[in-house]
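S.K.: Next comes input.cif, mmCIF, C-alpha atoms and all ligand atoms:
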data_final
#
loop_
_atom_site.label_atom_id
_atom_site.label_comp_id
_atom_site.auth_asym_id
_atom_site.auth_seq_id
_atom_site.Cartn_x
_atom_site.Cartn_y
_atom_site.Cartn_z
CA MET Y 1 170.90 209.86 125.07
CA SER Y 2 171.60 209.98 121.31
CA GLU Y 3 174.15 212.36 119.84
CA HIS Y 4 171.33 214.66 118.58
CA GLU Y 5 169.59 215.12 121.94
CA GLN Y 6 170.38 218.04 124.21
CA GLN Y 7 169.82 218.53 127.90
CA PRO Y 8 167.81 221.65 128.79
CA GLY Y 9 170.16 224.61 128.98
CA ASP Y 10 172.93 222.79 127.09
CA VAL Y 11 174.27 225.33 124.60
CA SER Y 12 177.64 223.69 124.07
CA SER Y 13 176.59 221.13 121.47
CA LYS Y 14 175.33 221.79 117.94
CA ALA Y 15 171.93 223.52 117.62
CA PRO Y 16 169.13 221.16 116.59
CA SER Y 17 168.52 221.18 112.84
CA LYS Y 18 164.74 221.55 113.35
CA ILE Y 19 162.56 223.42 115.81
CA SER Y 20 160.53 220.72 117.48
CA SER Y 21 157.70 222.48 119.35
CA ARG Y 22 155.02 224.78 117.80
CA ASP Y 23 157.11 224.39 114.65
CA ASP Y 24 155.40 227.08 112.57
CA PHE Y 25 158.70 227.96 110.89
CA SER Y 26 158.85 224.71 108.94
CA TYR Y 27 155.74 225.49 106.90
CA ASN Y 28 156.27 225.39 103.15
CA PRO Y 29 155.63 228.53 101.01
CA THR Y 30 152.09 227.44 100.04
CA VAL Y 31 151.13 226.94 103.70
CA MET Y 32 152.72 230.27 104.61
CA ASP Y 33 150.79 231.99 101.82
CA HIS Y 34 147.42 230.61 103.02
CA PHE Y 35 148.36 231.38 106.64
CA GLN Y 36 149.33 234.98 105.91
CA ASN Y 37 146.71 235.66 103.21
CA PRO Y 38 143.77 233.45 104.14
CA ARG Y 39 141.10 233.02 101.48
CA ASN Y 40 137.42 233.04 102.42
CA ALA Y 41 137.94 234.39 105.93
CA GLY Y 42 134.85 235.83 107.61
CA GLU Y 43 131.17 234.97 107.75
CA VAL Y 44 128.70 234.44 104.92
CA LYS Y 45 125.83 236.96 105.07
CA ASN Y 46 122.48 235.21 105.55
CA PRO Y 47 124.06 231.74 105.52
CA ASP Y 48 122.10 228.60 104.71
CA ALA Y 49 124.03 226.73 107.42
CA ILE Y 50 126.73 227.27 110.03
CA ALA Y 51 128.81 224.68 111.86
CA GLN Y 52 131.48 224.81 114.53
CA THR Y 53 134.08 222.25 115.36
CA ARG Y 54 136.98 221.98 117.76
CA ASN Y 55 140.30 220.14 117.83
CA PRO Y 56 139.98 218.02 121.00
CA ASN Y 57 143.76 217.94 121.46
CA CYS Y 58 144.38 221.69 121.65
CA GLY Y 59 140.94 223.29 121.97
CA ASP Y 60 141.32 225.35 118.78
CA ALA Y 61 138.03 225.92 117.00
CA ILE Y 62 136.52 227.04 113.71
CA SER Y 63 133.15 228.28 112.57
CA LEU Y 64 132.16 227.64 108.96
CA SER Y 65 129.23 229.29 107.17
CA ILE Y 66 127.90 228.29 103.77
CA LYS Y 67 125.49 229.44 101.09
CA VAL Y 68 124.01 226.84 98.73
CA THR Y 69 122.20 227.29 95.41
CA ASP Y 70 120.83 224.29 93.48
CA ASP Y 71 123.04 221.92 95.50
CA ILE Y 72 126.17 223.94 94.67
CA LEU Y 73 128.30 225.44 97.41
CA THR Y 74 128.18 229.00 96.13
CA GLU Y 75 129.82 230.68 99.13
CA ILE Y 76 131.87 229.43 102.07
CA LYS Y 77 133.70 231.37 104.78
CA PHE Y 78 135.48 230.51 107.99
CA LEU Y 79 136.49 232.06 111.29
CA THR Y 80 139.09 230.34 113.43
CA PHE Y 81 140.69 230.58 116.80
CA GLY Y 82 143.60 228.40 115.92
CA CYS Y 83 147.22 227.96 114.94
CA GLY Y 84 148.85 228.83 111.64
CA ALA Y 85 148.12 225.37 110.26
CA ALA Y 86 144.44 225.74 111.22
CA ILE Y 87 144.24 229.03 109.31
CA ALA Y 88 146.11 227.65 106.27
CA THR Y 89 144.08 224.43 106.12
CA CYS Y 90 140.75 226.25 106.48
CA SER Y 91 141.81 228.66 103.75
CA MET Y 92 142.83 225.86 101.37
CA ALA Y 93 139.80 223.70 102.24
CA THR Y 94 137.35 226.50 101.51
CA ASP Y 95 139.17 227.24 98.23
CA LEU Y 96 139.00 223.57 97.19
CA VAL Y 97 135.24 223.21 97.70
CA SER Y 98 133.99 226.65 96.69
CA GLY Y 99 131.67 226.29 93.67
CA LYS Y 100 131.51 222.48 93.99
CA PRO Y 101 128.40 220.28 94.26
CA LEU Y 102 127.59 219.36 97.88
CA ASP Y 103 128.35 215.65 97.31
CA GLN Y 104 131.88 216.51 96.16
CA ALA Y 105 132.40 219.10 98.88
CA GLU Y 106 131.44 216.77 101.72
CA ALA Y 107 133.90 214.14 100.45
CA LEU Y 108 136.80 216.52 101.21
CA SER Y 109 139.27 214.94 103.63
CA ALA Y 110 142.13 216.22 105.75
CA ALA Y 111 144.48 214.28 103.44
CA ASP Y 112 143.11 216.21 100.42
CA VAL Y 113 143.78 219.51 102.19
CA ILE Y 114 147.29 218.51 103.29
CA SER Y 115 148.10 217.30 99.78
CA ALA Y 116 146.84 220.55 98.19
CA LEU Y 117 149.05 222.50 100.60
CA GLY Y 118 152.08 220.42 99.63
CA GLY Y 119 152.32 218.88 103.10
CA LEU Y 120 152.34 219.93 106.75
CA PRO Y 121 154.76 219.16 109.56
CA GLU Y 122 153.61 215.79 110.96
CA HIS Y 123 152.63 217.19 114.35
CA LYS Y 124 150.34 219.71 112.58
CA GLU Y 125 148.46 217.23 110.38
CA ALA Y 126 145.57 216.89 112.87
CA CYS Y 127 144.85 220.61 112.38
CA ALA Y 128 143.68 219.76 108.84
CA ASN Y 129 140.66 217.87 110.24
CA LEU Y 130 138.92 221.05 111.38
CA ALA Y 131 137.58 222.32 108.05
CA PRO Y 132 136.45 218.96 106.57
CA GLU Y 133 134.66 218.10 109.84
CA ALA Y 134 132.93 221.49 110.03
CA LEU Y 135 132.02 221.26 106.34
CA LYS Y 136 130.34 217.86 106.80
CA LEU Y 137 128.36 219.25 109.76
CA ALA Y 138 127.35 222.38 107.83
CA ILE Y 139 126.19 220.36 104.82
CA ALA Y 140 124.26 217.96 107.07
CA ASP Y 141 122.64 220.96 108.76
CA TYR Y 142 121.78 222.48 105.38
CA ARG Y 143 120.21 219.23 104.16
CA LYS Y 144 118.18 218.85 107.36
CA ARG Y 145 116.86 222.42 107.08
CA ASN Y 146 116.19 222.04 103.38
CA LEU Y 147 114.29 218.82 103.92
CA SER Y 148 112.15 220.36 106.65
CA ASN Y 149 111.42 223.34 104.34
CA ILE Y 150 110.34 220.95 101.59
CA HIS Y 151 107.99 219.20 104.02
CA LYS Y 152 106.63 222.56 105.26
CA ASN Y 153 105.87 223.67 101.69
CA LYS Y 154 103.94 220.49 100.79
S1 LIG B 201 147.37 223.35 117.13
FE1 LIG B 201 145.21 223.48 117.40
S2 LIG B 201 144.38 223.43 115.40
FE2 LIG B 201 146.51 223.50 115.12
#
Starting from the file, lay out its structure as structure tokens.

M.R.:
Amino acid sequence: MSEHEQQPGDVSSKAPSKISSRDDFSYNPTVMDHFQNPRNAGEVKNPDAIAQTRNPNCGDAISLSIKVTDDILTEIKFLTFGCGAAIATCSMATDLVSGKPLDQAEALSAADVISALGGLPEHKEACANLAPEALKLAIADYRKRNLSNIHKNK
């Protein structure tokens, strides 16, 4: 055992410098702001597409709804049953792509979201996949519907 490890119930040695499980307290101020004041939370009224995705590791899930006008993502909202990092990353992701062309929006990655937030604790980085994955699904769904509408109107 290294000098930094503690046995369960051992209160005699120094307290660990970091909380190691469900470490929500090590979020930076930007993450805390998006966690406590999430942008774009809710559901778009009369959405053009909706997508859900789930983190296979923890079961947390999000639902993303979008509105598109002339290939621009004019409105995007999310609902999540997830951790603080899931809320913060969905908030930042929706902020980053709102008003962007679909091609740019679907290129959003978890790394982009983490970078915009100024970083996440390493064990929370996988939470940042939720919004980009749901966004790709929602845009694919929108394109499929739009294509079928174009064919119907011919
Ligand atoms: S722990 Fe499940 S999304 Fe963060």

S.K.: Taking only C-alpha atoms and all ligand atoms into account, list the residues no farther than 9 Å from ligand LIG 201 (chain B), as a ChimeraX atom specification.

M.R.: /Y:22,54-62,80-87,123-130

S.K.: Pick the closest to Y:Asp141 from Y:Gln52, Y:Thr89, Y:Ser115, Y:Ser109: which is it, counting all atoms listed in the file?

M.R.: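 So, comparing all the options, the nearest one is Y:Gln52.
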
S.K.: Determine the nearest neighbour of Y:Val97 from the options Y:Leu147, Y:Lys77, Y:Met32, Y:Ser63, counting all atoms listed in the file.

M.R.: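 Closest to Y:Val97 of all the choices is Y:Lys77.
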
S.K.: Between Y:Cys90, Y:Phe35, Y:Pro29, Y:Thr69, which one has atoms that come closest to Y:Pro47, using only C-alpha atoms?

M.R.: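 Of Y:Cys90, Y:Phe35, Y:Pro29, Y:Thr69, the one nearest Y:Pro47, counting only C-alpha atoms, is Y:Thr69.
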
S.K.: Quick one: residues within 6 Å of Y:Leu137, all atoms listed in the file, excluding same-chain residues fewer than 3 positions away - as a ChimeraX atom specification?

M.R.: /Y:51,134,140

S.K.: With all atoms of stretch 115-128 of chain Y from the file as input, state the centre and edge lengths in Å to one decimal of the axis-aligned box that has 4 Å extra on each side, as lines of an AutoDock Vina configuration file.

M.R.:
center_x = 149.2
center_y = 219.1
center_z = 106.3
size_x = 19.1
size_y = 14.7
size_z = 24.2
